[in-house]
Each structure stands twice: as structure tokens, then as C-alpha cells.
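Chemist: Before we start, here is the structure in question, set down as C-alpha cells.
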Amino acid sequence: MDLQLQSFDGGKAGNITVSDAMFDREYNESLVHQVVTAFMAGARSGTHAQKTRSEVSGGGRKPFAQKGSGRARAGTIRSPLWRSGGTTFAAKPRDYSQKVNRKVYRSAICTILSELRRKDALVIVDKVELETPKTKDLLAKVSGLGLKNALIISENAAGNLDLASRNLYNIGATDAAHVNPVALLRFEKVVMSEDSVRKLEESLV
């Protein structure tokens with residue numbers, strides 16, 4: 001079955017037929033949580049590195065005699081108890097990415113889009129284009145839709161749209177090929193062009 005969603009073209013409202021497989025799925029919180037967690041974990045660089053007591057330089061001899069000094073016995077200055085000593089449980093470079101099946105990832109994106117539609121947080125427009133890469137032009141276009149916090153999804157966001165939104169914290173822009181669950185959930189509203197809807201239907205359904 002197909003759904004009829006409202007689409008805006010220059011302030012005039014029309015209808016667009018979309019797939020219910022992408023915009024009418026039951027919300028699955030555990031599925032969305034799994035995919036969001038995996039996406040954020042994959043964004044971690046994992047390049048942290050610390051040295052254990054065996055990797056710290058120095059400490060080749062006993063710092064002072066075992067007895068007679070009045071201090072606690074010590075065998076090496078590389079002990080984690082000593083300043084500049086090694087770290088007890090040293091962090092090492094690692095890969096934080098989690099495997100998520102392609103079918104599960106696509107299903108989560110469709111689930112989020114369906115929930116956005118149910119909550120009236122999804123706005124579909126005919127086109128999202130900017131003639132110049134100016135932030136004020138983008139703000140004027142978004143304000144014309146009555147939005148202050150939104151993610152704009154177009155068929156191709158590279159170029160003017162990307163440059164105009166780069167220094168705005170409450171307005172984001174991405175193309176249909178790079179839609180991710182974190183971006184969809186971060187903003188209050190999601191604005192999609194009709195071309196991006198068709199492109200997502202091809203890749204997700």
C-alpha cells in the first residue's frame with residue numbers, strides 16, 4: 001500500500017505518494033537504540049594510548065635499599081604508584097565499531113522516518129535549492145517553512161546547501177545517500193525534498 005503525504009511547493013500544498021514500507025512502520029525502540037549505539041561507537045577514533053609499567057622508560061635498578069631508609073620498599077620507579085610511572089590498566093588503540101546487518105540498519109532508518117511522520121516532524125517540499133552559498137539565504141528559506149531547528153535532506157547536499165549550513169548549530173544538511181539515525185533524531189524537524197524521498201525509497205525499501 002502507498003501513503004499520501006503533503007508536499008509544499010513555493011508555499012502551495014500538494015500531495016506526494018510514498019511507500020508505507022518506509023513511512024508507516026511500527027516504532028521499535030530497541031532496534032533504534034541498537035543502530036544509534038552502533039553508529040556512535042563507529043565514530044570513535046579509538047586512538048588513545050597509554051603506557052604500562054613495562055613500557056615506561058627507566059627503572060632498571062632498585063631505587064633505594066630494601067631496608068634502612070624508613071620508606072616503603074620499592075623495586076622500580078616505573079610502578080603505577082610512583083609519579084611518571086606506568087598506568088595499571090593502560091588504554092590501548094582499539095576498534096569500537098559494532099557490526100549491524102544492512103537489513104537491520106535500513107529497517108531502523110525507516111522506523112525513525114515513520115515516527116517522524118506520526119509526530120508531524122517530517123516536512124516534504126518540492127525542492128531544496130540555494131542559488132548562493134549564503135547562510136542568510138538558507139535561514140530565510142527555513143524561516144519560510146516556519147522552522148527553527150531542522151535537518152534538510154536533499155538529493156545532493158554538496159555545494160551551496162552544505163556551505164550555507166556549515167556554521168549553523170540548529171540547521172543541518174545532508175544528502176539522501178548519507179542519512180544516518182543520529183542526525184534524524186538530533187533535530188526537531190526533518191525537511192526532505194521529493195527527489196530525496198524517491199532516492200531513499202530506492203535504497204531502503
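As shown in the C-alpha cells, the chain order sets the letters A, B, ...; within each chain, residues go from 1, and ligands are also counted from 1 in the order they appear.
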Compile the contact shell of Arg117 (chain A) as an mmCIF file with C-alpha atoms, in the first residue's frame: residues with an atom at most 12 Å away, counting only C-alpha atoms, same-chain residues fewer than 6 positions apart removed.
Modeler:
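result_24.cif written:
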data_model
loop_
_atom_site.group_PDB
_atom_site.id
_atom_site.type_symbol
_atom_site.label_atom_id
_atom_site.label_comp_id
_atom_site.auth_asym_id
_atom_site.auth_seq_id
_atom_site.Cartn_x
_atom_site.Cartn_y
_atom_site.Cartn_z
ATOM 1 C CA LEU A 3 0.571 6.730 1.584
ATOM 2 C CA GLN A 4 -0.356 10.246 0.594
ATOM 3 C CA LEU A 5 1.786 12.888 2.290
ATOM 4 C CA GLN A 6 1.532 16.634 1.996
ATOM 5 C CA VAL A 18 5.183 7.447 -0.778
ATOM 6 C CA ASP A 20 4.221 2.754 3.505
ATOM 7 C CA MET A 22 9.308 3.492 4.660
ATOM 8 C CA PHE A 23 6.837 5.860 6.304
ATOM 9 C CA ASP A 24 4.345 3.601 8.084
ATOM 10 C CA ARG A 25 6.359 1.168 10.178
ATOM 11 C CA GLU A 26 5.706 0.386 13.816
ATOM 12 C CA TYR A 27 8.207 2.068 16.126
ATOM 13 C CA CYS A 110 12.521 3.540 8.050
ATOM 14 C CA THR A 111 11.301 3.198 11.637
ATOM 15 C CA VAL A 123 8.184 18.213 6.132
ATOM 16 C CA ILE A 124 8.304 17.368 2.435
ATOM 17 C CA LEU A 184 17.478 12.167 12.111
ATOM 18 C CA LYS A 189 12.116 18.654 12.289
ATOM 19 C CA VAL A 190 13.301 16.922 9.134
ATOM 20 C CA VAL A 191 12.844 18.601 5.740
ATOM 21 C CA MET A 192 13.032 16.315 2.696
#
Chemist: State, in Å with one decimal place, the distance from CA of Gly42 (chain A) to CA of Arg94 (chain A).
Modeler: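 Pair CA of Gly42 (chain A) / CA of Arg94 (chain A) returns 11.2 Å.
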Chemist: Can you work out which one of A:Asp120, A:Ser97, A:Lys12, A:Leu168 has the shortest atom-to-atom distance to Lys148 (chain A), counting only C-alpha atoms?
Modeler: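 Ranked by minimum distance to Lys148 (chain A), first place goes to A:Leu168.
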Chemist: Where does DSSP see strand (DSSP E) in region 10-185 of chain A, if you list the residues as an MDAnalysis selection string?
Modeler: chainID A and resid 12:19 122:125 150:154 171:175
Chemist: Print the selection's residues with C-alpha atoms to a file, as a PDB file, in the first residue's frame.
Modeler:
ATOM      1  CA  LYS A  12       1.377  25.775  -2.067  1.00  0.00           C
ATOM      2  CA  ALA A  13       0.434  22.395  -0.642  1.00  0.00           C
ATOM      3  CA  GLY A  14       0.077  19.289  -2.762  1.00  0.00           C
ATOM      4  CA  ASN A  15       0.303  15.538  -2.269  1.00  0.00           C
ATOM      5  CA  ILE A  16       3.044  13.028  -2.881  1.00  0.00           C
ATOM      6  CA  THR A  17       2.603   9.252  -2.930  1.00  0.00           C
ATOM      7  CA  VAL A  18       5.183   7.447  -0.778  1.00  0.00           C
ATOM      8  CA  SER A  19       5.814   3.874   0.257  1.00  0.00           C
ATOM      9  CA  LEU A 122       8.512  15.491   8.775  1.00  0.00           C
ATOM     10  CA  VAL A 123       8.184  18.213   6.132  1.00  0.00           C
ATOM     11  CA  ILE A 124       8.304  17.368   2.435  1.00  0.00           C
ATOM     12  CA  VAL A 125       8.999  20.080  -0.112  1.00  0.00           C
ATOM     13  CA  ALA A 150      15.714  21.236  11.287  1.00  0.00           C
ATOM     14  CA  LEU A 151      17.711  18.751   9.236  1.00  0.00           C
ATOM     15  CA  ILE A 152      17.491  19.292   5.484  1.00  0.00           C
ATOM     16  CA  ILE A 153      17.762  16.202   3.288  1.00  0.00           C
ATOM     17  CA  SER A 154      18.214  16.758  -0.431  1.00  0.00           C
ATOM     18  CA  ILE A 171      20.251  23.680  10.948  1.00  0.00           C
ATOM     19  CA  GLY A 172      21.896  20.688   9.320  1.00  0.00           C
ATOM     20  CA  ALA A 173      22.113  19.486   5.730  1.00  0.00           C
ATOM     21  CA  THR A 174      22.838  16.092   4.232  1.00  0.00           C
ATOM     22  CA  ASP A 175      22.078  14.192   1.070  1.00  0.00           C
TER      23      ASP A 175
END
Chemist: Take CA of Ser203 (chain A) and CA of Ala183 (chain A) and report the distance between them in Å, one decimal.
Modeler: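 Between CA of Ser203 (chain A) and CA of Ala183 (chain A) the gap works out to 17.8 Å.
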Chemist: Which of these residues is nearest to Val104 (chain A), using only C-alpha atoms: A:Val32, A:Leu139, A:Ala21, A:Val197?
Modeler: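 Closest candidate: A:Val32.
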Chemist: Between CA of Ala38 (chain A) and CA of Glu202 (chain A), what is the spacing in Å?
Modeler: 23.7 Å
